[in-house]
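Visitor: Handing you a structure now.
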Amino acid sequence: MLSSIAILLGVGLIGTSAYLISYAALQPSIAVLNIPIVGVRFFGISKSLFRYLERLASHEVNFRLLSDLRIWIYQRFVHLIPGRKEMKRTGDLMARVVEDVEILEFFFIRVVNPPLTALLTILIVGFFLGSINIQLTGLYFFLTLVSWLLMLVFSYIAAEKASRQYLNIRADVHAEVSDILNGLSDILMYQPKNTDFSTYIQAENRYQQTQMRVSVTSGWINALLVILTQGSMIIMLVMGIQLVSQGIVPGLLLAVIPLMTVSSYDSIQPLNLSAQQYHLSCQGVTRILEISSESKNQIKRKAEAIDTSEVISMEFKDLQITDVSYSYDADIEVGVSHITVDIRPGKKVAIVGPSGAGKTTIARLILGDYEPDQGKLFLNGRPYTDFSKSQITSLSAYAGASPYLLNVSIRENFQYIIPEISDETIIAYIQQTQMYNWLMGLEAGLDTVVGERGVRMSEGERRRLDLARMLILKRPVLILDEPYANQDITNQQLLSSLFHNLQKDIALIMITHRLLDLDKFNEILVMDKGSIVDRGDLDSLRSKEGLFKRMWDQQKNMLFDQNNGSS
């Protein structure tokens, strides 16, 4: 409504101005001209006012829609992304959740609003011209409605051809740039003689070609609009001349008729952009839904979680993995196959095996990030599908191989987990993970900014700080994924002592390649190629031939050789 009123006031301004100039040419008394002069002022001021209100309302709609879209997408992504079987590239994913969403922001303003505004404007201007002469109304409606329809059809067809796969092509450019930036340090270090950026160049060329097609197409559509506008003006002028010559219409209104016609075409002009925005919005929706789509099992799981969350006790009693299989992709070797594990309070389970054996996959299944293709997981005797993701993760804490630290201070990284945590508590847990001396050596202490992803810390320091964050949650199930990686021998021994002196009711699951401190674990799972090939305590596994014994002997020999070398 505001958009139509702003355009109609512009039409009124042009029409009144034409009438004023025509009347002034007859040199009447200035008193006679006062009314059209006041009309010009009214329409000029009112047009600016309503254009401002229209912009204010459109921005309010845009920002409200953008806010709702981002929250909606985050609520879907937060449950789905950890368990996606095939993830998008980083640059492409960022393009989907940032730029594609911003394209949808303008859907109502640029796609829905322009055609409706044009129709309303055409109807009102047509009825006004009918007050001058009914023949003008018929001719005006014919010209403007045909122009409106032609602009819609031609813009839609042309924009569809020109902007086909536009967002996917642009996302390819982002993905290639992201890959180059992520690997820039290695590129600079190796200094290859012939750095191959051909993939990026090809993506950039496709993007430029698509942009050129869109621009050229838009130019041709705008040319069509100019032809329709000027043609309609000439036809209405000819019709006005005939009516004036016949004495049907006063001569003072002759300039008013074609100029109001031209001015009303301002409402049709946005239809070109509307068609382009429509196709981009369709592509944006498709790309967003590709990574936010949910399976029927996931939807069912969420519905059941809402119905039963109030009656489910979240006290940890047991966790059972029963004949579970999971594959990342049909074309890739399975992640895990027919896994059965029983985890209870106070039990310590170590998962060992070569890289790629499926150890971390089990952790992700326990955390609820992945849904098994076969078999079931049970929590407190009930299937995982009875619980929401937040209920499952509220019982477990995970310290993985790639901890994420926010680009804020050490204190804020802990406050992000527990907002009300005190400095004394933070320092106490940092001391447990052998980081106290490091912290005391920092000039800013807890106010030290760790950098993006903790880049200002070493890998070992990052992992120990993440471990302190995990312990501070005091959850009954702790999952440690290679906790000794990037740690020196002294820190490994101190961390091992920390892990084995946790509260007796805490279940500990450790994924590790380090086999020399497994005597305190209740059960050791030996994995290879996604399956548990052996299981038992340390003494039983060392006493029989198999994968574990070979791994044990290799590590013992390596340690012996290192000791001899150092001596």
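Order determines the names: the first chain of the structure tokens is A, the second B, and so forth; residues in each chain are numbered 1 upward, and ligands are numbered 1 upward as they are shown.
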Would you list the contacts of Val408 of chain A as an MDAnalysis selection string, taking every protein, DNA or RNA residue within 12 Å and counting only C-alpha atoms, but skipping same-chain residues closer than 4 positions in sequence?

Guide: chainID A and resid 404 412:416 446:456

Visitor: Env of Met151 of chain A: 12 Å cut, atoms = only C-alpha atoms, seq-sep filter 3 positions within chain, self excluded. Answer as number ranges by chain.

Guide: A: 114-115, 118, 144-148, 154-159, 218, 220-229, 265, 267-276

Visitor: With only C-alpha atoms as the counted atoms, please give the residues lying no more than 9 Å from segment 238-255 of chain A, apart from itself and same-chain residues fewer than 5 positions off, as an mmCIF file with C-alpha atoms, in the first residue's frame.

Guide:
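Generated file (result.cif):
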data_model
loop_
_atom_site.group_PDB
_atom_site.id
_atom_site.type_symbol
_atom_site.label_atom_id
_atom_site.label_comp_id
_atom_site.auth_asym_id
_atom_site.auth_seq_id
_atom_site.Cartn_x
_atom_site.Cartn_y
_atom_site.Cartn_z
ATOM 1 C CA GLY A 15 -0.047 15.430 -13.741
ATOM 2 C CA ALA A 18 1.668 19.472 -16.479
ATOM 3 C CA TYR A 19 -1.670 21.094 -15.775
ATOM 4 C CA LEU A 20 0.003 24.056 -14.007
ATOM 5 C CA SER A 22 -0.287 24.382 -19.474
ATOM 6 C CA TYR A 23 -2.547 26.752 -17.546
ATOM 7 C CA ILE A 132 -11.608 12.717 -17.902
ATOM 8 C CA ASN A 133 -12.992 10.392 -20.582
ATOM 9 C CA GLN A 135 -12.210 6.063 -23.833
ATOM 10 C CA LEU A 136 -8.936 6.998 -22.168
ATOM 11 C CA LEU A 139 -6.996 2.425 -23.957
ATOM 12 C CA MET A 233 2.856 7.699 -24.104
ATOM 13 C CA MET A 260 0.557 10.619 -16.177
#

Visitor: Residues within 9 Å of Ala397 of chain A, please, as a VMD selection string. Count only C-alpha atoms; anything in the same chain fewer than 4 positions from it doesn't count.

Guide: chain A and resid 367 393 470 to 471 473 to 480

Visitor: At what distance in Å, to one decimal, does atom CA of Asp266 of chain A lie from atom CA of Leu116 of chain A?

Guide: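 Distance reported for this atom pair: 13.1 Å.
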
Visitor: Using DSSP on the backbone coordinates, identify all residues within segment 291-490 of chain A classified as helix (DSSP H, G or I); present the result as a CSV table (one decimal) with C-alpha atoms, in the first residue's frame.

Guide:
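Just written: states13.csv:
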chain,number,residue,atom,x,y,z
A,291,ILE,CA,21.6,-29.2,3.9
A,292,SER,CA,18.7,-28.7,6.2
A,296,LYS,CA,11.6,-39.2,8.6
A,297,ASN,CA,13.4,-40.8,11.5
A,298,GLN,CA,14.8,-37.5,12.6
A,299,ILE,CA,11.4,-35.8,12.4
A,300,LYS,CA,9.9,-38.6,14.4
A,301,ARG,CA,12.7,-38.5,16.9
A,302,LYS,CA,12.1,-34.8,17.6
A,303,ALA,CA,8.3,-35.2,17.9
A,304,GLU,CA,8.8,-38.0,20.5
A,305,ALA,CA,11.4,-36.0,22.4
A,306,ILE,CA,8.9,-33.1,22.8
A,307,ASP,CA,6.2,-35.5,24.1
A,308,THR,CA,8.3,-37.5,26.5
A,359,LYS,CA,37.0,-45.4,16.8
A,360,THR,CA,35.8,-41.7,16.5
A,361,THR,CA,32.7,-42.9,14.7
A,362,ILE,CA,31.6,-44.7,17.9
A,363,ALA,CA,32.1,-41.5,19.9
A,364,ARG,CA,29.9,-39.6,17.4
A,365,LEU,CA,27.2,-42.3,17.7
A,366,ILE,CA,27.3,-42.0,21.5
A,384,TYR,CA,18.0,-42.9,21.7
A,385,THR,CA,15.0,-42.0,19.5
A,386,ASP,CA,13.1,-41.2,22.7
A,389,LYS,CA,19.8,-34.2,21.0
A,390,SER,CA,20.2,-31.8,23.9
A,391,GLN,CA,19.1,-34.5,26.4
A,392,ILE,CA,21.7,-36.9,25.0
A,393,THR,CA,24.6,-34.4,25.0
A,410,ILE,CA,40.4,-17.5,28.1
A,411,ARG,CA,37.8,-16.5,30.6
A,412,GLU,CA,35.1,-15.9,28.0
A,413,ASN,CA,35.8,-19.3,26.5
A,414,PHE,CA,34.8,-20.8,29.8
A,415,GLN,CA,32.0,-18.4,30.3
A,423,ASP,CA,37.9,-17.1,38.0
A,424,GLU,CA,38.9,-19.3,40.9
A,425,THR,CA,37.0,-22.3,39.4
A,426,ILE,CA,38.6,-21.7,36.0
A,427,ILE,CA,42.1,-21.6,37.4
A,428,ALA,CA,41.5,-24.7,39.5
A,429,TYR,CA,40.5,-26.7,36.4
A,430,ILE,CA,43.3,-25.2,34.3
A,431,GLN,CA,45.7,-26.4,37.1
A,432,GLN,CA,44.3,-29.9,36.9
A,436,TYR,CA,48.8,-23.4,35.5
A,437,ASN,CA,52.4,-22.4,34.8
A,438,TRP,CA,51.5,-21.5,31.3
A,439,LEU,CA,48.6,-19.3,32.6
A,440,MET,CA,50.8,-17.6,35.2
A,445,GLY,CA,46.2,-13.9,32.5
A,446,LEU,CA,42.6,-15.0,32.0
A,447,ASP,CA,42.0,-11.9,29.8
A,452,GLU,CA,40.7,-17.6,16.0
A,453,ARG,CA,40.5,-21.3,16.8
A,454,GLY,CA,43.1,-20.8,19.5
A,459,GLU,CA,48.3,-27.7,19.7
A,460,GLY,CA,49.0,-29.3,23.0
A,461,GLU,CA,47.9,-26.2,25.0
A,462,ARG,CA,44.7,-26.0,22.9
A,463,ARG,CA,43.8,-29.5,23.7
A,464,ARG,CA,44.5,-29.2,27.4
A,465,LEU,CA,42.5,-26.0,27.7
A,466,ASP,CA,39.6,-27.8,25.9
A,467,LEU,CA,40.0,-30.7,28.3
A,468,ALA,CA,39.6,-28.2,31.3
A,469,ARG,CA,36.4,-26.9,29.7
A,470,MET,CA,35.1,-30.5,29.3
A,471,LEU,CA,35.9,-31.4,32.9
A,472,ILE,CA,34.2,-28.4,34.3
A,489,ILE,CA,55.9,-37.5,28.2
A,490,THR,CA,55.5,-35.6,31.5

Visitor: I'd like the interatomic distance between atom CA of Leu149 of chain A and atom CA of Val214 of chain A, to a tenth of an Å.

Guide: 20.6 Å

Visitor: Hey, what's within 12 Å of Leu104 of chain A if we count only C-alpha atoms and toss same-chain stuff fewer than 6 positions away? As a list in words, please?

Guide: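 Close residues of Leu104 of chain A: Val61, Asn62, Phe63, Arg64, Leu65, Leu66, Ser67, Asp68, Leu69, Arg70, Arg96, Val97, Val98, Arg110, Val111, Val112, Gln277, Tyr278, His279, Leu280, Ser281, Cys282, Gln283, Gly284, Val285, Thr286, Arg287 and Ile288 of chain A.
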
Visitor: Just to be explicit: take each residue in the selection above, keep C-alpha atoms, and write the result as a PDB file, in the first residue's frame.

Guide:
ATOM      1  CA  VAL A  61      10.029  -6.488   6.892  1.00  0.00           C
ATOM      2  CA  ASN A  62      13.460  -7.384   5.514  1.00  0.00           C
ATOM      3  CA  PHE A  63      15.258  -7.349   8.848  1.00  0.00           C
ATOM      4  CA  ARG A  64      12.452  -9.194  10.628  1.00  0.00           C
ATOM      5  CA  LEU A  65      12.417 -11.858   7.922  1.00  0.00           C
ATOM      6  CA  LEU A  66      16.214 -12.095   7.931  1.00  0.00           C
ATOM      7  CA  SER A  67      16.228 -12.567  11.709  1.00  0.00           C
ATOM      8  CA  ASP A  68      13.537 -15.261  11.565  1.00  0.00           C
ATOM      9  CA  LEU A  69      15.296 -17.044   8.700  1.00  0.00           C
ATOM     10  CA  ARG A  70      18.662 -17.146  10.454  1.00  0.00           C
ATOM     11  CA  ARG A  96      24.459 -21.027   1.860  1.00  0.00           C
ATOM     12  CA  VAL A  97      23.983 -19.830   5.421  1.00  0.00           C
ATOM     13  CA  VAL A  98      24.999 -16.206   4.764  1.00  0.00           C
ATOM     14  CA  ARG A 110      11.274  -7.531  -4.543  1.00  0.00           C
ATOM     15  CA  VAL A 111       9.242 -10.533  -5.689  1.00  0.00           C
ATOM     16  CA  VAL A 112       5.757 -10.291  -4.193  1.00  0.00           C
ATOM     17  CA  GLN A 277      15.002 -12.073  -7.579  1.00  0.00           C
ATOM     18  CA  TYR A 278      12.385 -14.801  -7.952  1.00  0.00           C
ATOM     19  CA  HIS A 279      14.796 -17.190  -9.656  1.00  0.00           C
ATOM     20  CA  LEU A 280      17.594 -16.394  -7.203  1.00  0.00           C
ATOM     21  CA  SER A 281      15.200 -16.955  -4.302  1.00  0.00           C
ATOM     22  CA  CYS A 282      14.210 -20.352  -5.720  1.00  0.00           C
ATOM     23  CA  GLN A 283      17.874 -21.312  -6.024  1.00  0.00           C
ATOM     24  CA  GLY A 284      18.551 -20.050  -2.509  1.00  0.00           C
ATOM     25  CA  VAL A 285      15.695 -22.062  -1.031  1.00  0.00           C
ATOM     26  CA  THR A 286      16.844 -25.194  -2.853  1.00  0.00           C
ATOM     27  CA  ARG A 287      20.427 -24.801  -1.659  1.00  0.00           C
ATOM     28  CA  ILE A 288      19.388 -24.195   1.951  1.00  0.00           C
TER      29      ILE A 288
END

Visitor: Quick one: pull the distance between atom CA of Gly530 of chain A and atom CA of Val324 of chain A, Å, one decimal.

Guide: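 Atom CA of Gly530 of chain A sits 10.8 Å away from atom CA of Val324 of chain A.
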